[in-house]
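Coordinates as given in structure-v1.tsv (TSV, C-alpha atoms):
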chain	number	residue	atom	x	y	z
I	1	MET	CA	0.00	0.00	0.00
I	2	ASP	CA	1.11	3.54	-0.63
I	3	MET	CA	0.99	6.41	1.84
I	4	ASN	CA	1.16	8.77	-1.11
I	5	ALA	CA	-2.19	7.43	-2.24
I	6	ASP	CA	-3.77	8.42	1.11
I	7	VAL	CA	-3.78	4.83	2.34
I	8	ASP	CA	-2.38	3.77	5.68
I	9	PRO	CA	0.21	1.05	5.03
I	10	ALA	CA	-0.46	-0.41	8.45
I	11	ASP	CA	-4.21	-0.33	7.75
I	12	SER	CA	-4.80	-0.65	11.46
I	13	GLY	CA	-8.53	-0.03	11.39
I	14	ASP	CA	-9.43	3.63	10.97
I	15	SER	CA	-12.41	5.02	12.83
I	16	ALA	CA	-15.70	5.76	11.12
I	17	ASP	CA	-14.85	9.47	11.22
I	18	GLU	CA	-11.53	8.79	9.55
I	19	GLU	CA	-13.16	6.71	6.83
I	20	ALA	CA	-15.62	9.52	6.14
I	21	LEU	CA	-12.81	12.09	5.89
I	22	ARG	CA	-10.57	10.06	3.62
I	23	PRO	CA	-12.45	10.60	0.31
I	24	TYR	CA	-12.82	14.32	1.08
I	25	ARG	CA	-9.10	14.75	1.71
I	26	ALA	CA	-8.13	12.68	-1.31
I	27	LYS	CA	-10.29	14.88	-3.54
I	28	LEU	CA	-8.95	18.02	-1.86
I	29	TRP	CA	-5.30	17.07	-2.42
I	30	ALA	CA	-5.93	15.82	-5.94
I	31	GLY	CA	-7.44	19.21	-6.82
I	32	ALA	CA	-4.64	21.27	-5.29
I	33	GLU	CA	-3.30	24.02	-7.52
I	34	ARG	CA	0.28	23.47	-6.29
I	35	ARG	CA	1.72	20.17	-5.18
I	36	LEU	CA	5.01	18.32	-5.08
I	37	TRP	CA	3.75	15.20	-6.78
I	38	HIS	CA	0.86	13.46	-8.48
I	39	THR	CA	-0.26	10.12	-7.12
I	40	SER	CA	-1.11	7.16	-9.32
I	41	VAL	CA	-4.77	7.23	-8.25
I	42	GLU	CA	-5.57	10.89	-8.88
I	43	GLY	CA	-7.91	12.00	-11.62
I	44	THR	CA	-11.07	10.63	-13.15
I	45	VAL	CA	-11.49	7.70	-15.51
I	46	GLY	CA	-12.08	10.09	-18.39
I	47	GLN	CA	-9.00	12.17	-17.61
I	48	ARG	CA	-6.67	9.21	-17.33
I	49	LEU	CA	-7.96	7.53	-20.48
I	50	ARG	CA	-7.79	10.76	-22.51
I	51	GLU	CA	-4.24	11.37	-21.34
I	52	LEU	CA	-3.25	7.85	-22.33
I	53	LEU	CA	-4.99	8.08	-25.71
I	54	ASP	CA	-3.37	11.44	-26.47
I	55	TRP	CA	0.05	9.95	-25.85
I	56	ALA	CA	-0.76	6.81	-27.87
I	57	GLU	CA	-1.81	8.93	-30.83
I	58	SER	CA	1.27	11.13	-30.61
I	59	GLU	CA	3.56	8.09	-30.55
I	60	GLY	CA	1.76	6.04	-33.19
I	61	HIS	CA	0.32	3.43	-30.85
I	62	ALA	CA	-3.36	4.29	-31.21
I	63	ASP	CA	-3.80	1.98	-34.21
I	64	ASP	CA	-1.91	-0.94	-32.70
I	65	PRO	CA	-4.00	-4.10	-32.29
I	66	VAL	CA	-5.11	-5.02	-28.80
I	67	ASP	CA	-3.30	-7.85	-27.09
I	68	MET	CA	-4.59	-11.31	-26.35
I	69	TYR	CA	-2.98	-13.43	-23.63
I	70	GLY	CA	0.26	-11.49	-23.53
I	71	ASN	CA	1.07	-10.89	-27.17
I	72	GLY	CA	1.40	-7.64	-29.14
I	73	ILE	CA	1.83	-4.56	-26.98
I	74	VAL	CA	2.53	-6.67	-23.88
I	75	GLU	CA	5.45	-8.29	-25.68
I	76	GLU	CA	6.68	-4.83	-26.62
I	77	VAL	CA	6.73	-3.85	-22.94
I	78	GLU	CA	8.69	-7.00	-22.14
I	79	ARG	CA	11.25	-6.18	-24.84
I	80	ARG	CA	11.62	-2.62	-23.58
I	81	VAL	CA	12.12	-3.70	-19.97
I	82	ALA	CA	14.74	-6.29	-20.91
I	83	GLU	CA	16.48	-3.61	-22.98
I	84	GLU	CA	16.38	-0.98	-20.22
I	85	LEU	CA	17.71	-3.40	-17.61
I	86	GLY	CA	20.22	-5.06	-19.90
I	87	LEU	CA	18.87	-8.51	-19.08
I	88	PRO	CA	18.11	-11.37	-21.51
I	89	ALA	CA	14.32	-11.53	-21.09
I	90	ALA	CA	11.36	-10.08	-19.19
I	91	VAL	CA	7.80	-11.19	-18.40
I	92	PHE	CA	4.83	-8.87	-17.84
I	93	PHE	CA	2.76	-9.51	-14.70
I	94	PRO	CA	-0.48	-7.92	-13.52
I	95	THR	CA	0.99	-7.32	-10.04
I	96	GLY	CA	4.36	-7.16	-8.37
I	97	THR	CA	3.18	-9.49	-5.62
I	98	MET	CA	2.64	-12.21	-8.21
I	99	ALA	CA	5.88	-11.45	-10.04
I	100	GLN	CA	7.95	-11.94	-6.90
I	101	GLN	CA	6.04	-15.03	-5.80
I	102	VAL	CA	6.88	-16.57	-9.14
I	103	ALA	CA	10.52	-15.46	-9.14
I	104	LEU	CA	11.24	-16.87	-5.71
I	105	ARG	CA	9.33	-20.06	-6.40
I	106	CYS	CA	11.40	-20.60	-9.55
I	107	TRP	CA	14.64	-20.04	-7.65
I	108	ALA	CA	13.56	-22.32	-4.79
I	109	GLY	CA	13.04	-25.13	-7.27
I	110	ARG	CA	16.43	-24.55	-8.86
I	111	THR	CA	18.43	-24.18	-5.65
I	112	GLY	CA	16.52	-26.84	-3.73
I	113	ASN	CA	16.14	-24.40	-0.83
I	114	PRO	CA	12.78	-22.64	-0.18
I	115	VAL	CA	14.26	-20.22	2.39
I	116	VAL	CA	14.47	-16.54	1.38
I	117	GLY	CA	16.73	-14.13	3.23
I	118	LEU	CA	15.24	-10.64	3.34
I	119	HIS	CA	14.67	-7.62	5.57
I	120	PRO	CA	11.77	-7.65	8.07
I	121	LEU	CA	10.62	-4.32	6.56
I	122	ALA	CA	10.60	-5.74	3.02
I	123	HIS	CA	7.32	-5.36	1.18
I	124	PRO	CA	6.35	-9.08	1.23
I	125	GLU	CA	6.82	-9.18	5.01
I	126	VAL	CA	4.86	-6.02	5.81
I	127	HIS	CA	2.27	-5.58	3.09
I	128	GLU	CA	1.41	-8.96	1.54
I	129	GLY	CA	-0.20	-10.92	4.36
I	130	GLY	CA	2.41	-13.67	4.59
I	131	ALA	CA	1.89	-14.61	0.95
I	132	PHE	CA	5.29	-16.28	0.51
I	133	GLY	CA	4.47	-18.95	3.05
I	134	ALA	CA	0.71	-19.13	2.54
I	135	VAL	CA	0.77	-19.36	-1.25
I	136	SER	CA	4.19	-20.53	-2.38
I	137	GLY	CA	5.53	-22.67	0.44
I	138	LEU	CA	8.49	-20.38	0.99
I	139	ARG	CA	9.98	-19.49	4.35
I	140	THR	CA	11.71	-16.23	5.18
I	141	VAL	CA	14.61	-15.41	7.49
I	142	HIS	CA	15.76	-11.95	8.53
I	143	LEU	CA	19.43	-11.10	8.17
I	144	THR	CA	19.23	-7.83	10.15
I	145	ASP	CA	16.68	-5.75	12.01
I	146	ALA	CA	18.54	-2.47	11.52
I	147	PRO	CA	16.67	0.11	9.37
I	148	ARG	CA	18.86	-0.61	6.35
I	149	LEU	CA	19.69	-3.48	4.06
I	150	PRO	CA	21.97	-6.22	5.45
I	151	THR	CA	25.72	-5.87	5.29
I	152	ALA	CA	28.03	-8.39	3.65
I	153	GLU	CA	29.13	-9.55	7.10
I	154	GLU	CA	25.52	-10.15	8.17
I	155	VAL	CA	24.90	-12.16	5.02
I	156	ARG	CA	28.00	-14.30	5.58
I	157	ASP	CA	27.34	-14.82	9.28
I	158	HIS	CA	23.66	-15.76	9.16
I	159	PRO	CA	23.45	-19.18	10.81
I	160	GLU	CA	20.83	-20.72	8.53
I	161	PRO	CA	21.21	-21.60	4.84
I	162	PHE	CA	18.98	-19.71	2.42
I	163	GLY	CA	18.52	-20.29	-1.28
I	164	THR	CA	17.75	-16.71	-2.33
I	165	LEU	CA	18.78	-13.32	-1.00
I	166	MET	CA	16.09	-10.74	-1.73
I	167	LEU	CA	17.10	-7.07	-1.60
I	168	GLU	CA	14.51	-4.28	-1.81
I	169	LEU	CA	16.06	-1.32	-3.61
I	170	PRO	CA	15.30	1.14	-2.11
I	171	LEU	CA	14.02	-0.19	1.24
I	172	ARG	CA	10.82	1.87	1.35
I	173	ASP	CA	9.61	1.38	4.91
I	174	ALA	CA	13.02	2.33	6.31
I	175	GLY	CA	12.86	5.67	4.49
I	176	PHE	CA	13.57	4.75	0.85
I	177	VAL	CA	17.16	4.00	1.83
I	178	LEU	CA	19.88	2.47	-0.32
I	179	PRO	CA	23.32	1.09	0.45
I	180	SER	CA	26.35	2.57	-1.26
I	181	TRP	CA	27.41	0.94	-4.51
I	182	ASP	CA	30.38	-0.72	-2.82
I	183	GLU	CA	28.15	-2.03	-0.02
I	184	LEU	CA	25.68	-3.44	-2.54
I	185	THR	CA	28.33	-5.24	-4.56
I	186	GLU	CA	29.86	-6.68	-1.37
I	187	VAL	CA	26.45	-7.97	-0.22
I	188	VAL	CA	25.86	-9.66	-3.57
I	189	GLU	CA	29.32	-11.20	-3.45
I	190	ALA	CA	28.66	-12.49	0.07
I	191	ALA	CA	25.45	-14.17	-1.13
I	192	ARG	CA	27.33	-15.82	-3.99
I	193	GLU	CA	29.87	-17.17	-1.49
I	194	ARG	CA	26.94	-18.93	0.19
I	195	ASP	CA	25.72	-20.32	-3.17
I	196	ALA	CA	22.56	-18.20	-2.88
I	197	VAL	CA	20.97	-16.49	-5.85
I	198	VAL	CA	20.15	-12.78	-5.62
I	199	HIS	CA	16.78	-11.26	-6.45
I	200	PHE	CA	16.15	-7.51	-6.47
I	201	ASP	CA	12.77	-6.22	-5.37
I	202	GLY	CA	13.16	-3.25	-7.68
I	203	ALA	CA	9.65	-1.81	-7.52
I	204	ARG	CA	11.42	1.56	-7.35
I	205	LEU	CA	14.70	0.50	-8.97
I	206	TRP	CA	14.19	3.08	-11.71
I	207	GLU	CA	15.24	5.97	-9.44
I	208	CYS	CA	18.32	4.30	-7.93
I	209	THR	CA	20.71	5.36	-10.68
I	210	THR	CA	21.46	8.81	-9.19
I	211	LEU	CA	22.79	7.63	-5.83
I	212	PHE	CA	24.64	4.66	-7.29
I	213	GLY	CA	26.09	6.66	-10.17
I	214	ARG	CA	25.45	3.66	-12.41
I	215	GLY	CA	23.07	2.89	-15.24
I	216	LEU	CA	20.20	0.46	-14.91
I	217	PRO	CA	21.98	-2.39	-16.77
I	218	GLU	CA	24.94	-2.28	-14.38
I	219	ILE	CA	22.66	-2.22	-11.33
I	220	ALA	CA	20.32	-4.95	-12.56
I	221	GLY	CA	23.29	-6.99	-13.76
I	222	LEU	CA	24.32	-7.66	-10.17
I	223	ALA	CA	21.22	-9.78	-9.58
I	224	ASP	CA	19.98	-13.09	-10.96
I	225	SER	CA	16.48	-11.66	-11.36
I	226	VAL	CA	14.83	-8.27	-10.96
I	227	TYR	CA	11.24	-7.17	-10.45
I	228	VAL	CA	10.18	-3.66	-11.48
I	229	SER	CA	6.87	-1.83	-11.10
I	230	PHE	CA	5.18	0.41	-13.64
I	231	TYR	CA	2.89	2.41	-11.37
I	232	LYS	CA	5.05	3.31	-8.37
I	233	SER	CA	7.52	5.57	-10.20
I	234	LEU	CA	6.47	5.57	-13.84
I	235	GLY	CA	2.83	6.61	-13.41
I	236	GLY	CA	1.39	3.49	-15.01
I	237	LEU	CA	-2.11	2.17	-14.38
I	238	SER	CA	-0.83	-1.11	-12.96
I	239	GLY	CA	1.47	-3.97	-13.83
I	240	ALA	CA	4.99	-5.15	-13.24
I	241	ALA	CA	7.74	-7.06	-14.97
I	242	LEU	CA	10.15	-9.79	-13.93
I	243	ALA	CA	13.47	-9.90	-15.76
I	244	GLY	CA	16.34	-12.37	-15.81
I	245	PRO	CA	17.76	-15.37	-17.71
I	246	GLU	CA	15.69	-16.67	-20.62
I	247	ASP	CA	15.20	-20.16	-19.18
I	248	VAL	CA	14.02	-18.79	-15.83
I	249	MET	CA	11.67	-16.36	-17.57
I	250	GLU	CA	10.20	-19.21	-19.61
I	251	GLU	CA	9.48	-21.07	-16.38
I	252	ALA	CA	8.06	-17.84	-14.94
I	253	ARG	CA	5.55	-17.73	-17.81
I	254	VAL	CA	4.32	-21.19	-16.83
I	255	TRP	CA	3.90	-20.15	-13.21
I	256	ARG	CA	2.26	-16.88	-14.21
I	257	HIS	CA	-0.48	-18.90	-15.88
I	258	ARG	CA	-0.82	-21.20	-12.87
I	259	TYR	CA	-1.16	-18.20	-10.55
I	260	GLY	CA	-3.91	-16.72	-12.69
I	261	GLY	CA	-1.79	-13.93	-14.16
I	262	LEU	CA	-2.23	-14.70	-17.86
I	263	VAL	CA	-4.90	-12.04	-18.31
I	264	ALA	CA	-6.83	-12.01	-21.58
I	265	GLN	CA	-6.21	-8.33	-22.37
I	266	GLN	CA	-3.90	-5.85	-20.66
I	267	TYR	CA	-3.38	-3.20	-23.31
I	268	PRO	CA	-4.33	-0.20	-21.13
I	269	ALA	CA	-1.81	-1.19	-18.46
I	270	ALA	CA	0.80	-2.12	-21.05
I	271	LEU	CA	0.31	1.14	-22.94
I	272	SER	CA	0.66	3.13	-19.73
I	273	ALA	CA	3.86	1.19	-18.97
I	274	LEU	CA	5.29	2.18	-22.35
I	275	ARG	CA	4.33	5.79	-21.68
I	276	GLY	CA	6.05	5.66	-18.30
I	277	LEU	CA	9.23	4.25	-19.79
I	278	ALA	CA	9.23	6.93	-22.48
I	279	VAL	CA	8.08	9.97	-20.48
I	280	GLU	CA	8.77	9.48	-16.77
I	281	LEU	CA	11.90	7.33	-16.73
I	282	PRO	CA	14.14	10.02	-18.29
I	283	LEU	CA	12.91	12.57	-15.73
I	284	LEU	CA	13.54	10.50	-12.59
I	285	PRO	CA	17.12	11.78	-12.06
I	286	SER	CA	15.80	15.36	-12.03
I	287	TYR	CA	13.18	14.35	-9.46
I	288	VAL	CA	15.87	12.83	-7.24
I	289	ARG	CA	18.07	15.92	-7.47
I	290	HIS	CA	15.19	18.25	-6.65
I	291	ALA	CA	14.03	16.06	-3.75
I	292	ARG	CA	17.33	16.97	-2.10
I	293	VAL	CA	16.52	20.68	-2.47
I	294	VAL	CA	13.07	20.11	-0.97
I	295	ALA	CA	14.41	18.03	1.92
I	296	GLU	CA	17.01	20.62	2.85
I	297	ALA	CA	14.42	23.43	2.77
I	298	VAL	CA	12.03	21.44	4.97
I	299	ARG	CA	14.77	20.68	7.47
I	300	GLU	CA	16.00	24.29	7.55
I	301	GLU	CA	12.51	25.69	8.12
I	302	PHE	CA	11.81	23.25	10.96
I	303	ALA	CA	15.02	24.44	12.62
I	304	ALA	CA	14.20	28.10	12.04
I	305	ALA	CA	10.72	27.62	13.49
I	306	GLY	CA	12.12	26.05	16.64
I	307	VAL	CA	10.21	22.81	16.29
I	308	GLY	CA	11.15	20.84	19.38
I	309	TRP	CA	12.05	17.65	17.55
I	310	SER	CA	11.88	16.84	13.88
I	311	ARG	CA	13.56	14.64	11.36
I	312	VAL	CA	13.97	14.48	7.61
I	313	HIS	CA	15.12	10.97	6.76
I	314	PRO	CA	17.44	10.44	5.03
I	315	GLU	CA	18.82	13.97	5.50
I	316	VAL	CA	19.95	13.80	1.88
I	317	PRO	CA	17.32	11.67	0.10
I	318	HIS	CA	18.59	8.59	-1.71
I	319	THR	CA	15.71	8.71	-4.22
I	320	HIS	CA	12.91	11.18	-5.00
I	321	GLN	CA	11.04	10.07	-1.86
I	322	PHE	CA	11.85	10.50	1.82
I	323	GLN	CA	10.29	10.55	5.30
I	324	VAL	CA	9.40	13.52	7.50
I	325	TRP	CA	8.86	13.13	11.26
I	326	LEU	CA	7.25	15.60	13.70
I	327	PRO	CA	6.34	15.44	17.44
I	328	TYR	CA	2.55	15.58	17.12
I	329	ASP	CA	-0.35	13.17	16.83
I	330	PRO	CA	-0.89	12.11	13.21
I	331	GLU	CA	-4.52	13.27	13.27
I	332	VAL	CA	-3.41	16.81	14.20
I	333	LEU	CA	-0.88	16.97	11.37
I	334	THR	CA	-3.24	15.46	8.81
I	335	ALA	CA	-5.87	18.05	9.75
I	336	ALA	CA	-3.31	20.84	9.36
I	337	ALA	CA	-2.28	19.51	5.95
I	338	ALA	CA	-5.89	19.45	4.77
I	339	ALA	CA	-6.55	22.91	6.18
I	340	GLN	CA	-3.53	24.30	4.34
I	341	THR	CA	-4.66	22.87	1.03
I	342	GLU	CA	-8.24	24.02	1.50
I	343	ALA	CA	-7.18	27.58	2.38
I	344	THR	CA	-4.26	28.10	-0.01
I	345	GLY	CA	-4.58	25.51	-2.78
I	346	THR	CA	-1.11	24.21	-1.86
I	347	ALA	CA	-0.54	20.55	-0.97
I	348	LEU	CA	2.74	20.13	0.86
I	349	PHE	CA	2.11	17.24	3.24
I	350	ARG	CA	-0.80	14.81	3.06
I	351	ARG	CA	-1.63	12.04	5.52
I	352	TRP	CA	0.48	11.44	8.60
I	353	PHE	CA	0.82	8.14	10.44
I	354	SER	CA	1.90	6.77	13.78
I	355	PRO	CA	5.23	4.93	13.67
I	356	GLY	CA	3.60	1.65	14.71
I	357	ALA	CA	4.08	-0.51	17.76
I	358	GLY	CA	7.86	-0.31	17.63
I	359	GLY	CA	8.05	3.47	17.30
I	360	PRO	CA	8.21	6.18	19.96
I	361	PRO	CA	4.91	7.62	21.20
I	362	GLY	CA	3.88	11.16	20.41
I	363	VAL	CA	5.43	11.39	16.96
I	364	ALA	CA	4.09	11.02	13.44
I	365	VAL	CA	5.63	10.27	10.07
I	366	THR	CA	4.72	11.05	6.48
I	367	GLU	CA	6.38	10.66	3.11
I	368	LEU	CA	7.25	13.38	0.63
I	369	THR	CA	7.68	12.66	-3.06
I	370	VAL	CA	8.95	14.96	-5.79
I	371	THR	CA	7.76	14.46	-9.36
I	372	ARG	CA	7.12	16.80	-12.28
I	373	PRO	CA	4.98	19.44	-10.49
I	374	GLY	CA	7.52	19.62	-7.67
I	375	LEU	CA	10.26	20.77	-10.03
I	376	GLU	CA	8.57	24.17	-10.10
I	377	TRP	CA	9.05	24.70	-6.34
I	378	THR	CA	12.03	26.75	-5.25
I	379	ALA	CA	13.62	26.27	-1.86
I	380	GLU	CA	11.86	29.45	-0.66
I	381	ASP	CA	8.54	28.10	-1.94
I	382	VAL	CA	9.07	25.03	0.22
I	383	ARG	CA	10.08	27.05	3.28
I	384	ALA	CA	7.03	29.31	2.91
I	385	ALA	CA	4.73	26.30	2.64
I	386	VAL	CA	6.32	24.74	5.73
I	387	ARG	CA	5.82	27.98	7.70
I	388	ASP	CA	2.18	28.10	6.68
I	389	PHE	CA	1.68	24.44	7.58
I	390	LEU	CA	3.23	24.87	11.02
I	391	SER	CA	0.99	27.84	11.70
I	392	ARG	CA	-2.05	25.62	11.25
I	393	ILE	CA	-1.08	22.95	13.79
I	394	GLU	CA	-3.43	23.07	16.73
I	395	GLY	CA	-2.77	21.85	20.21
Would you mind writing the file's structure down as structure tokens?
Amino acid sequence: MDMNADVDPADSGDSADEEALRPYRAKLWAGAERRLWHTSVEGTVGQRLRELLDWAESEGHADDPVDMYGNGIVEEVERRVAEELGLPAAVFFPTGTMAQQVALRCWAGRTGNPVVGLHPLAHPEVHEGGAFGAVSGLRTVHLTDAPRLPTAEEVRDHPEPFGTLMLELPLRDAGFVLPSWDELTEVVEAARERDAVVHFDGARLWECTTLFGRGLPEIAGLADSVYVSFYKSLGGLSGAALAGPEDVMEEARVWRHRYGGLVAQQYPAALSALRGLAVELPLLPSYVRHARVVAEAVREEFAAAGVGWSRVHPEVPHTHQFQVWLPYDPEVLTAAAAAQTEATGTALFRRWFSPGAGGPPGVAVTELTVTRPGLEWTAEDVRAAVRDFLSRIEG
């Protein structure tokens, strides 16, 4: 689930009042005149379809035949993904959850070991209801509980054998954090020393190139298989791809069918994936660079305002998304965010959340994302919006 889509990732059972407010706030933020980012669920059906059709006509796709069971435009997406990642083959999936189930099931069969080493904050552990074990007969082990990916030493020293090491790049629930390039290569090497294969949960891999200073083929080339999403960073309607060796991808196609993922027609999602690869992917480095400007301005204004305790994490964002922490109840901050947008037409922050059972009491966290509309914000624009937001906090 995505906090940027006004959904609580913990989904801990909102009150009736909260449920009533959610559609109002979502509409309010979607209609904001100034914002840092668009979410993948904003807009009406007519708006999204017209936008997609306009792009298809401009790029010569409007007269393409529709797909049937993964041919045509779906195959074109697969070719493009394999090309972008520099990997031999790719397979289109309706969801990332299914793509990763299939990838890890394929590797378990080939290694003879159904154990997957991953972080306890990884998406399958937090947001997929124990699907690895319930659906695919896999078992997970945690190599570290620190809010970062495991180190090479932690991979080498883990006492239990595992067949696959799964690395989420970036680790979203820890703050969209990445290791350094040297740390990543050392972790992969440590997994190889244990005869484990390496799978990248690359739902947001597209925006990792800036921090690593490497192109997508070099990054993806470290792993045995890579999953990428089309809606999290590229603005697609839905869909994902799994990429890797041709023989593994052929097996993945078999399992995709068995899991119910061979959908009769997927041309809207596939077309939106092509649009994302063509339009959004080249802009992601600029989003990452500007996220650093936004983060610094937020941090500076908190300090200038004398906020008792605050945190921008990471201080220098690793991608175009980062966390912001403040010492207030989440309901108070969410109300202030909505009030700011209603009064000024500016959407800076959106929903705020408690840190969960393991977090300190009395604080709240939200996520900030920078995409195309955010590029228009100067550092002073951000500071002014922060000042206005802080003035609206009650209590």
Taking all atoms of range 324-338 of chain I that appear in the file, build a box with edges along x, y and z, extend it by 3 Å on every side, and state its centre and edge lengths in Å to one decimal, as JSON.
{"center_x": 1.8, "center_y": 16.5, "center_z": 11.1, "size_x": 21.3, "size_y": 14.7, "size_z": 18.7}
Which residues are close to Leu167 in chain I, i.e. within 7 Å by all atoms listed in the file, leaving aside same-chain residues fewer than 2 positions away? Reply as a PyMOL selection string. chain I and resi 118+165+169+199-201
What are the closest atom pairs, with distances in Å to one decimal, for each residue of range 55-171 of chain I lying within 12 Å of range 277-290 of chain I, using all atoms listed in the file, rows by chain and rising residue number, as JSON lines?
{"residue": "I:Trp55", "atom": "CA", "partner": "I:Val279", "partner_atom": "CA", "distance": 9.7}
{"residue": "I:Ala56", "atom": "CA", "partner": "I:Ala278", "partner_atom": "CA", "distance": 11.4}
{"residue": "I:Glu59", "atom": "CA", "partner": "I:Ala278", "partner_atom": "CA", "distance": 9.9}
{"residue": "I:Glu76", "atom": "CA", "partner": "I:Leu277", "partner_atom": "CA", "distance": 11.6}
{"residue": "I:Val77", "atom": "CA", "partner": "I:Leu277", "partner_atom": "CA", "distance": 9.0}
{"residue": "I:Glu78", "atom": "CA", "partner": "I:Leu277", "partner_atom": "CA", "distance": 11.5}
{"residue": "I:Arg79", "atom": "CA", "partner": "I:Leu277", "partner_atom": "CA", "distance": 11.8}
{"residue": "I:Arg80", "atom": "CA", "partner": "I:Leu277", "partner_atom": "CA", "distance": 8.2}
{"residue": "I:Val81", "atom": "CA", "partner": "I:Leu277", "partner_atom": "CA", "distance": 8.5}
{"residue": "I:Ala82", "atom": "CA", "partner": "I:Leu277", "partner_atom": "CA", "distance": 11.9}
{"residue": "I:Glu83", "atom": "CA", "partner": "I:Leu277", "partner_atom": "CA", "distance": 11.2}
{"residue": "I:Glu84", "atom": "CA", "partner": "I:Leu277", "partner_atom": "CA", "distance": 8.9}
{"residue": "I:Leu85", "atom": "CA", "partner": "I:Leu277", "partner_atom": "CA", "distance": 11.6}
Select from range 287-352 of chain I every residue with an atom at most 10 Å from any atom of range 28-40 of chain I, then for each give the shortest pair of atoms and their distance in Å to one decimal, using only C-alpha atoms, rows by chain and rising number, as CSV.
residue,atom,partner,partner_atom,distance
I:Tyr287,CA,I:Trp37,CA,9.8
I:Ala291,CA,I:Leu36,CA,9.4
I:Val294,CA,I:Leu36,CA,9.2
I:Ala337,CA,I:Trp29,CA,9.2
I:Ala338,CA,I:Leu28,CA,7.4
I:Ala339,CA,I:Leu28,CA,9.7
I:Thr341,CA,I:Ala32,CA,6.5
I:Glu342,CA,I:Leu28,CA,6.9
I:Thr344,CA,I:Glu33,CA,8.6
I:Gly345,CA,I:Ala32,CA,4.9
I:Thr346,CA,I:Arg34,CA,4.7
I:Ala347,CA,I:Arg35,CA,4.8
I:Leu348,CA,I:Arg35,CA,6.1
I:Phe349,CA,I:Leu36,CA,8.9
I:Arg350,CA,I:Trp29,CA,7.4
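Among the candidates I:Leu271, I:Val188, I:Ile219, I:Val197, the residue lying nearest to Asp54 in chain I is I:Leu271 (atoms considered: all atoms listed in the file).
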Within 10 Å of (-4.3, 0.1, -22.3) (coordinates as in the file), grab all the protein and nucleic acid residues, counting all atoms listed in the file, and write them out as a PyMOL selection string. chain I and resi 49+52-53+56+62+66-67+73-74+236-237+265-274
CA of Gln321 in chain I to CA of Trp377 in chain I, straight-line distance in Å: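 It comes out at 15.4 Å.
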Rounded to one decimal, what separation in Å do you get between CA of Arg275 in chain I and CA of Gly235 in chain I? 8.4 Å
Would you kindly return, as a count of residues only, each protein, DNA or RNA residue with an atom no farther than 8 Å from any atom of Val102 in chain I, considering only C-alpha atoms and excluding same-chain residues fewer than 3 positions away? 7
Best match for closeness to Met68 in chain I among I:Asp224, I:Ser180, I:Pro88, I:Val263, counting all atoms listed in the file: I:Val263
Contacts of Leu87 in chain I within 12 Å, all atoms listed in the file, excl. fewer than 4 positions in-chain, as a PyMOL selection string: chain I and resi 78-83+91+216-227+241-246+248-249
Which distance in Å separates CA of Leu234 in chain I and CA of Glu296 in chain I, to one decimal? 24.8 Å
With all atoms listed in the file as the counted atoms, please give the residues lying no more than 8 Å from Ser229 in chain I, apart from itself and same-chain residues fewer than 6 positions off, as a ChimeraX atom specification. /I:96,202-204,238-241
